[in-house]
Amino acid sequence: MKCGFVTILGRPNVGKSTLLNQMLGQKIVIATDKAQTTRKRIKGVLTEECGQIVFVDTPGVHRPLDKLGEFLLDEAKVAVPDADLILFLVDGSEPAGKGDKWIVENILKDIKIPVILVMNKVDKVKNTQKIEENLMSYKTLFKENIPLVRISAKTGRNKDTLLDNIFKKLPEGEMLYPADIVTEENMRGIAEEIIREKILIHTEDEIPHSVVIKIDKYEECVDIDRIYAIIYCEQKSQKGILIGKGGALLKKIGTEARQELEEIVEKKVYLNLEVKVEKDWRKKEKLLKNFGFKSPD
């Protein structure tokens with residue numbers, strides 16, 4: 001049986017979370033077109049007859065601008081040494097950029113862990129020659145030839161080919177998790193992420209990056225779960241936008257989050273949302289720790 005840890009690494013917005021959800025056949029991580037959608041390492045477990053893959057989704061790698069950015073970079077870096085295989089996910093619809101080169105030179109260079117280059121979004125480009133040019137720009141980042149798989153994380157194109165390549169690279173071993181486990185995430189964490197996803201979808205500019213969610217209380221009952229959550233932002237003006245005229249936007253965010261949570265827990269959910277201002281929380285280490293952004297082990 002083949003079993004092991006597979007780290008998904010890449011720049012922001014290349015489709016890492018979308019790929020993880022696609023590989024598992026269900027949504028366990030939020031995925032939007034906004035940078036910093038993924039803020040923490042999240043494990044997703046795929047169990048097949050031939051073995052078990054523990055995928056580790058990581059934040060997009062980019063130059064940190066504040067304490068939160070430093071945490072996100074550390075979260076990505078720390079997921080590399082313990083991996084049995086790394087999927088270097090890139091946006092195949094465009095050539096390699098400075099961010100891709102930085103990842104190879106600063107994280108992947110000289111490691112002994114096998115790497116598969118995964119070109120996502122190739123379905124966005126109809127010009128075959130352009131795809132080949134993009135491909136060469138990524139392959140030249142590496143001194144040696146590495147396996148390549150072209151996929152569409154959104155549609156699942158070539159998903160099976162990628163799985164076959166992953167299992168070929170994994171070591172023999174016993175299952176790392178029970179067969180019925182899909183993720184380590186608990187409902188408090190899942191609720192926080194789903195609320196944040198709805199904010200990411202319905203807001204623009206700096207607001208998606210300035211928001212963090214904290215579950216104040218989570219009460220589980222037989223027929224209903226009661227969740228009390230606080231949305232923290234950095235400025236009073238952002239609070240006003242999040243609430244919206246007459247509370248309309250906050251109500252929309254709450255309704256969509258509640259409906260998705262009800263599908264997950266398969267019962268009624270009462271969701272209470274409150275918005276508070278915590279100025280410059282992204283720059284303050286103490287606040288980051290309070291919000292769960294603790295330094296990787």
# chains A, B, ... in the order shown; residues from 1 in each chain; ligands from 1
$ select_by_dssp --residues "range 33-252 of chain A" --states "strand (DSSP E)" --output "number ranges by chain"
A: 42-48, 51-57, 85-91, 115-120, 148-150, 212-220, 224-233
$ residues_around --residues "Cys221 in chain A" --least-positions-apart "3" --cutoff "10 Å" --atoms "only C-alpha atoms" --output "list of chain:residue names"
A:Tyr218, A:Ile224, A:Asp225, A:Arg226, A:Lys267, A:Lys268, A:Val269
$ closest_residue --among "A:Val6, A:Leu19, A:Asp74, A:Val45" --to "Tyr177 in chain A" --atoms "only C-alpha atoms"
A:Val45
$ atom_distance --atom1 "CA of Glu192 in chain A" --atom2 "CA of Val54 in chain A"
22.5 Å
$ select_by_dssp --residues "range 39-221 of chain A" --states "alpha helix (DSSP H)" --output "ChimeraX atom specification"
/A:67-78,98-103,128-139,159-169,187-202,207-210
$ residues_around --residues "Lys139 in chain A" --least-positions-apart "3" --cutoff "12 Å" --atoms "only C-alpha atoms" --output "PyMOL selection string"
chain A and resi 88+90+92+95-96+100-101+104+115-119+132-136+142-149
$ write_last_selection --atoms "C-alpha atoms" --output "PDB file, in the first residue's frame"
ATOM      1  CA  PHE A  88       4.417  22.573  -7.434  1.00  0.00           C
ATOM      2  CA  VAL A  90       1.531  26.790 -11.418  1.00  0.00           C
ATOM      3  CA  GLY A  92      -0.270  27.249 -17.003  1.00  0.00           C
ATOM      4  CA  PRO A  95       4.586  31.976 -18.323  1.00  0.00           C
ATOM      5  CA  ALA A  96       6.645  31.557 -15.166  1.00  0.00           C
ATOM      6  CA  ASP A 100       7.516  30.998  -9.323  1.00  0.00           C
ATOM      7  CA  LYS A 101      11.266  31.527  -9.656  1.00  0.00           C
ATOM      8  CA  VAL A 104      12.069  27.245  -6.762  1.00  0.00           C
ATOM      9  CA  VAL A 115       8.527  17.239  -7.048  1.00  0.00           C
ATOM     10  CA  ILE A 116       5.774  17.040  -9.664  1.00  0.00           C
ATOM     11  CA  LEU A 117       5.200  20.164 -11.748  1.00  0.00           C
ATOM     12  CA  VAL A 118       1.429  20.578 -12.080  1.00  0.00           C
ATOM     13  CA  MET A 119       0.253  23.024 -14.763  1.00  0.00           C
ATOM     14  CA  GLU A 132       4.248  24.820 -24.804  1.00  0.00           C
ATOM     15  CA  GLU A 133       6.079  28.141 -24.392  1.00  0.00           C
ATOM     16  CA  ASN A 134       4.634  28.525 -20.903  1.00  0.00           C
ATOM     17  CA  LEU A 135       5.613  24.940 -20.097  1.00  0.00           C
ATOM     18  CA  MET A 136       9.234  25.541 -21.088  1.00  0.00           C
ATOM     19  CA  PHE A 142      14.707  23.322 -12.560  1.00  0.00           C
ATOM     20  CA  LYS A 143      18.174  21.924 -13.218  1.00  0.00           C
ATOM     21  CA  GLU A 144      16.857  18.399 -13.753  1.00  0.00           C
ATOM     22  CA  ASN A 145      13.818  17.024 -15.558  1.00  0.00           C
ATOM     23  CA  ILE A 146      10.819  16.588 -13.276  1.00  0.00           C
ATOM     24  CA  PRO A 147       7.473  14.921 -13.972  1.00  0.00           C
ATOM     25  CA  LEU A 148       4.802  17.186 -15.455  1.00  0.00           C
ATOM     26  CA  VAL A 149       1.016  16.863 -15.410  1.00  0.00           C
TER      27      VAL A 149
END
$ decode --residues "range 100-251 of chain A" --atoms "C-alpha atoms" --output "PDB file, in the first residue's frame"
ATOM      1  CA  ASP A 100       7.516  30.998  -9.323  1.00  0.00           C
ATOM      2  CA  LYS A 101      11.266  31.527  -9.656  1.00  0.00           C
ATOM      3  CA  TRP A 102      11.474  32.655  -6.004  1.00  0.00           C
ATOM      4  CA  ILE A 103       9.701  29.488  -4.819  1.00  0.00           C
ATOM      5  CA  VAL A 104      12.069  27.245  -6.762  1.00  0.00           C
ATOM      6  CA  GLU A 105      15.221  29.082  -5.653  1.00  0.00           C
ATOM      7  CA  ASN A 106      14.257  29.589  -2.007  1.00  0.00           C
ATOM      8  CA  ILE A 107      12.121  26.572  -1.120  1.00  0.00           C
ATOM      9  CA  LEU A 108      12.528  23.781  -3.687  1.00  0.00           C
ATOM     10  CA  LYS A 109      16.209  24.170  -4.553  1.00  0.00           C
ATOM     11  CA  ASP A 110      18.443  21.336  -3.314  1.00  0.00           C
ATOM     12  CA  ILE A 111      15.646  19.468  -1.478  1.00  0.00           C
ATOM     13  CA  LYS A 112      15.712  15.673  -1.659  1.00  0.00           C
ATOM     14  CA  ILE A 113      11.917  15.370  -1.849  1.00  0.00           C
ATOM     15  CA  PRO A 114      10.445  14.470  -5.269  1.00  0.00           C
ATOM     16  CA  VAL A 115       8.527  17.239  -7.048  1.00  0.00           C
ATOM     17  CA  ILE A 116       5.774  17.040  -9.664  1.00  0.00           C
ATOM     18  CA  LEU A 117       5.200  20.164 -11.748  1.00  0.00           C
ATOM     19  CA  VAL A 118       1.429  20.578 -12.080  1.00  0.00           C
ATOM     20  CA  MET A 119       0.253  23.024 -14.763  1.00  0.00           C
ATOM     21  CA  ASN A 120      -3.236  24.245 -13.886  1.00  0.00           C
ATOM     22  CA  LYS A 121      -5.650  26.327 -16.001  1.00  0.00           C
ATOM     23  CA  VAL A 122      -4.307  24.999 -19.298  1.00  0.00           C
ATOM     24  CA  ASP A 123      -7.911  24.866 -20.527  1.00  0.00           C
ATOM     25  CA  LYS A 124      -7.932  28.682 -20.529  1.00  0.00           C
ATOM     26  CA  VAL A 125      -5.442  28.791 -23.423  1.00  0.00           C
ATOM     27  CA  LYS A 126      -6.537  27.593 -26.858  1.00  0.00           C
ATOM     28  CA  ASN A 127      -3.176  28.245 -28.537  1.00  0.00           C
ATOM     29  CA  THR A 128      -1.139  25.013 -28.245  1.00  0.00           C
ATOM     30  CA  GLN A 129       2.132  26.768 -29.022  1.00  0.00           C
ATOM     31  CA  LYS A 130       1.508  29.273 -26.210  1.00  0.00           C
ATOM     32  CA  ILE A 131       0.972  26.421 -23.723  1.00  0.00           C
ATOM     33  CA  GLU A 132       4.248  24.820 -24.804  1.00  0.00           C
ATOM     34  CA  GLU A 133       6.079  28.141 -24.392  1.00  0.00           C
ATOM     35  CA  ASN A 134       4.634  28.525 -20.903  1.00  0.00           C
ATOM     36  CA  LEU A 135       5.613  24.940 -20.097  1.00  0.00           C
ATOM     37  CA  MET A 136       9.234  25.541 -21.088  1.00  0.00           C
ATOM     38  CA  SER A 137       9.420  28.674 -18.938  1.00  0.00           C
ATOM     39  CA  TYR A 138       8.539  26.544 -15.881  1.00  0.00           C
ATOM     40  CA  LYS A 139      10.743  23.565 -16.746  1.00  0.00           C
ATOM     41  CA  THR A 140      13.800  25.800 -17.156  1.00  0.00           C
ATOM     42  CA  LEU A 141      13.460  26.810 -13.482  1.00  0.00           C
ATOM     43  CA  PHE A 142      14.707  23.322 -12.560  1.00  0.00           C
ATOM     44  CA  LYS A 143      18.174  21.924 -13.218  1.00  0.00           C
ATOM     45  CA  GLU A 144      16.857  18.399 -13.753  1.00  0.00           C
ATOM     46  CA  ASN A 145      13.818  17.024 -15.558  1.00  0.00           C
ATOM     47  CA  ILE A 146      10.819  16.588 -13.276  1.00  0.00           C
ATOM     48  CA  PRO A 147       7.473  14.921 -13.972  1.00  0.00           C
ATOM     49  CA  LEU A 148       4.802  17.186 -15.455  1.00  0.00           C
ATOM     50  CA  VAL A 149       1.016  16.863 -15.410  1.00  0.00           C
ATOM     51  CA  ARG A 150      -1.357  19.323 -17.096  1.00  0.00           C
ATOM     52  CA  ILE A 151      -4.692  19.678 -15.346  1.00  0.00           C
ATOM     53  CA  SER A 152      -7.769  21.768 -14.775  1.00  0.00           C
ATOM     54  CA  ALA A 153      -8.428  21.906 -11.037  1.00  0.00           C
ATOM     55  CA  LYS A 154     -11.812  23.466 -11.745  1.00  0.00           C
ATOM     56  CA  THR A 155     -13.155  20.775 -14.089  1.00  0.00           C
ATOM     57  CA  GLY A 156     -11.100  17.793 -12.907  1.00  0.00           C
ATOM     58  CA  ARG A 157      -9.409  17.296 -16.278  1.00  0.00           C
ATOM     59  CA  ASN A 158      -6.482  14.835 -15.937  1.00  0.00           C
ATOM     60  CA  LYS A 159      -7.259  14.304 -12.234  1.00  0.00           C
ATOM     61  CA  ASP A 160      -6.749  10.541 -12.576  1.00  0.00           C
ATOM     62  CA  THR A 161      -3.425  11.039 -14.363  1.00  0.00           C
ATOM     63  CA  LEU A 162      -2.215  13.225 -11.519  1.00  0.00           C
ATOM     64  CA  LEU A 163      -3.355  10.656  -8.949  1.00  0.00           C
ATOM     65  CA  ASP A 164      -1.471   7.895 -10.759  1.00  0.00           C
ATOM     66  CA  ASN A 165       1.695  10.006 -10.761  1.00  0.00           C
ATOM     67  CA  ILE A 166       1.309  10.789  -7.052  1.00  0.00           C
ATOM     68  CA  PHE A 167       0.898   7.151  -6.025  1.00  0.00           C
ATOM     69  CA  LYS A 168       3.977   6.185  -8.079  1.00  0.00           C
ATOM     70  CA  LYS A 169       6.088   8.588  -6.023  1.00  0.00           C
ATOM     71  CA  LEU A 170       4.767   7.709  -2.554  1.00  0.00           C
ATOM     72  CA  PRO A 171       6.515   5.209  -0.264  1.00  0.00           C
ATOM     73  CA  GLU A 172       5.082   1.898   0.868  1.00  0.00           C
ATOM     74  CA  GLY A 173       3.494   2.113   4.290  1.00  0.00           C
ATOM     75  CA  GLU A 174       0.498   1.794   6.564  1.00  0.00           C
ATOM     76  CA  MET A 175      -2.492   4.136   6.456  1.00  0.00           C
ATOM     77  CA  LEU A 176      -1.925   7.350   8.383  1.00  0.00           C
ATOM     78  CA  TYR A 177      -5.612   8.004   9.119  1.00  0.00           C
ATOM     79  CA  PRO A 178      -8.757   5.855   9.438  1.00  0.00           C
ATOM     80  CA  ALA A 179     -10.409   5.309   6.055  1.00  0.00           C
ATOM     81  CA  ASP A 180     -13.459   7.442   6.925  1.00  0.00           C
ATOM     82  CA  ILE A 181     -11.450  10.565   7.847  1.00  0.00           C
ATOM     83  CA  VAL A 182     -11.367  13.324   5.205  1.00  0.00           C
ATOM     84  CA  THR A 183      -9.967  16.233   7.236  1.00  0.00           C
ATOM     85  CA  GLU A 184      -8.644  17.101  10.708  1.00  0.00           C
ATOM     86  CA  GLU A 185     -10.576  20.368  10.791  1.00  0.00           C
ATOM     87  CA  ASN A 186     -13.191  20.781  13.547  1.00  0.00           C
ATOM     88  CA  MET A 187     -16.541  22.558  13.152  1.00  0.00           C
ATOM     89  CA  ARG A 188     -15.358  25.748  14.835  1.00  0.00           C
ATOM     90  CA  GLY A 189     -12.588  26.092  12.273  1.00  0.00           C
ATOM     91  CA  ILE A 190     -14.867  25.142   9.399  1.00  0.00           C
ATOM     92  CA  ALA A 191     -17.468  27.709  10.488  1.00  0.00           C
ATOM     93  CA  GLU A 192     -14.836  30.457  10.667  1.00  0.00           C
ATOM     94  CA  GLU A 193     -13.613  29.675   7.168  1.00  0.00           C
ATOM     95  CA  ILE A 194     -17.083  29.500   5.617  1.00  0.00           C
ATOM     96  CA  ILE A 195     -18.024  32.887   7.087  1.00  0.00           C
ATOM     97  CA  ARG A 196     -14.759  34.339   5.770  1.00  0.00           C
ATOM     98  CA  GLU A 197     -15.403  32.837   2.336  1.00  0.00           C
ATOM     99  CA  LYS A 198     -18.741  34.661   2.077  1.00  0.00           C
ATOM    100  CA  ILE A 199     -16.998  37.909   3.010  1.00  0.00           C
ATOM    101  CA  LEU A 200     -14.339  37.286   0.359  1.00  0.00           C
ATOM    102  CA  ILE A 201     -17.042  36.719  -2.241  1.00  0.00           C
ATOM    103  CA  HIS A 202     -19.095  39.813  -1.415  1.00  0.00           C
ATOM    104  CA  THR A 203     -16.416  42.438  -0.680  1.00  0.00           C
ATOM    105  CA  GLU A 204     -13.615  44.075  -2.653  1.00  0.00           C
ATOM    106  CA  ASP A 205     -10.413  46.122  -2.281  1.00  0.00           C
ATOM    107  CA  GLU A 206      -8.656  45.759   1.091  1.00  0.00           C
ATOM    108  CA  ILE A 207     -11.588  44.393   3.100  1.00  0.00           C
ATOM    109  CA  PRO A 208     -11.067  40.658   2.325  1.00  0.00           C
ATOM    110  CA  HIS A 209      -7.469  40.884   3.589  1.00  0.00           C
ATOM    111  CA  SER A 210      -8.381  42.942   6.666  1.00  0.00           C
ATOM    112  CA  VAL A 211     -10.917  40.484   8.062  1.00  0.00           C
ATOM    113  CA  VAL A 212     -10.484  37.640  10.526  1.00  0.00           C
ATOM    114  CA  ILE A 213     -13.232  35.492  12.085  1.00  0.00           C
ATOM    115  CA  LYS A 214     -13.355  34.281  15.669  1.00  0.00           C
ATOM    116  CA  ILE A 215     -16.010  31.845  16.931  1.00  0.00           C
ATOM    117  CA  ASP A 216     -16.977  33.192  20.343  1.00  0.00           C
ATOM    118  CA  LYS A 217     -19.269  30.269  21.219  1.00  0.00           C
ATOM    119  CA  TYR A 218     -20.341  27.047  19.481  1.00  0.00           C
ATOM    120  CA  GLU A 219     -23.222  25.161  21.104  1.00  0.00           C
ATOM    121  CA  GLU A 220     -24.085  21.721  19.684  1.00  0.00           C
ATOM    122  CA  CYS A 221     -27.577  20.375  20.350  1.00  0.00           C
ATOM    123  CA  VAL A 222     -29.462  17.411  18.937  1.00  0.00           C
ATOM    124  CA  ASP A 223     -31.659  19.409  16.573  1.00  0.00           C
ATOM    125  CA  ILE A 224     -29.737  22.685  16.193  1.00  0.00           C
ATOM    126  CA  ASP A 225     -26.213  24.160  16.412  1.00  0.00           C
ATOM    127  CA  ARG A 226     -25.927  27.706  17.765  1.00  0.00           C
ATOM    128  CA  ILE A 227     -22.883  29.624  16.567  1.00  0.00           C
ATOM    129  CA  TYR A 228     -21.842  33.060  17.797  1.00  0.00           C
ATOM    130  CA  ALA A 229     -19.096  34.590  15.644  1.00  0.00           C
ATOM    131  CA  ILE A 230     -17.211  37.889  15.654  1.00  0.00           C
ATOM    132  CA  ILE A 231     -15.918  39.425  12.426  1.00  0.00           C
ATOM    133  CA  TYR A 232     -12.873  41.565  13.156  1.00  0.00           C
ATOM    134  CA  CYS A 233     -11.743  44.268  10.710  1.00  0.00           C
ATOM    135  CA  GLU A 234      -9.133  47.014  10.977  1.00  0.00           C
ATOM    136  CA  GLN A 235     -11.077  50.261  10.420  1.00  0.00           C
ATOM    137  CA  LYS A 236     -14.470  51.756  11.280  1.00  0.00           C
ATOM    138  CA  SER A 237     -15.122  52.391   7.583  1.00  0.00           C
ATOM    139  CA  GLN A 238     -14.632  48.661   6.893  1.00  0.00           C
ATOM    140  CA  LYS A 239     -17.113  47.826   9.655  1.00  0.00           C
ATOM    141  CA  GLY A 240     -19.710  50.019   7.967  1.00  0.00           C
ATOM    142  CA  ILE A 241     -19.154  48.325   4.615  1.00  0.00           C
ATOM    143  CA  LEU A 242     -19.375  44.842   6.132  1.00  0.00           C
ATOM    144  CA  ILE A 243     -22.654  45.642   7.863  1.00  0.00           C
ATOM    145  CA  GLY A 244     -24.083  47.379   4.792  1.00  0.00           C
ATOM    146  CA  LYS A 245     -27.068  49.666   4.469  1.00  0.00           C
ATOM    147  CA  GLY A 246     -29.622  48.647   7.069  1.00  0.00           C
ATOM    148  CA  GLY A 247     -27.503  45.567   7.856  1.00  0.00           C
ATOM    149  CA  ALA A 248     -28.153  44.120   4.373  1.00  0.00           C
ATOM    150  CA  LEU A 249     -24.645  42.814   3.592  1.00  0.00           C
ATOM    151  CA  LEU A 250     -24.094  41.268   7.019  1.00  0.00           C
ATOM    152  CA  LYS A 251     -27.463  39.543   6.711  1.00  0.00           C
TER     153      LYS A 251
END
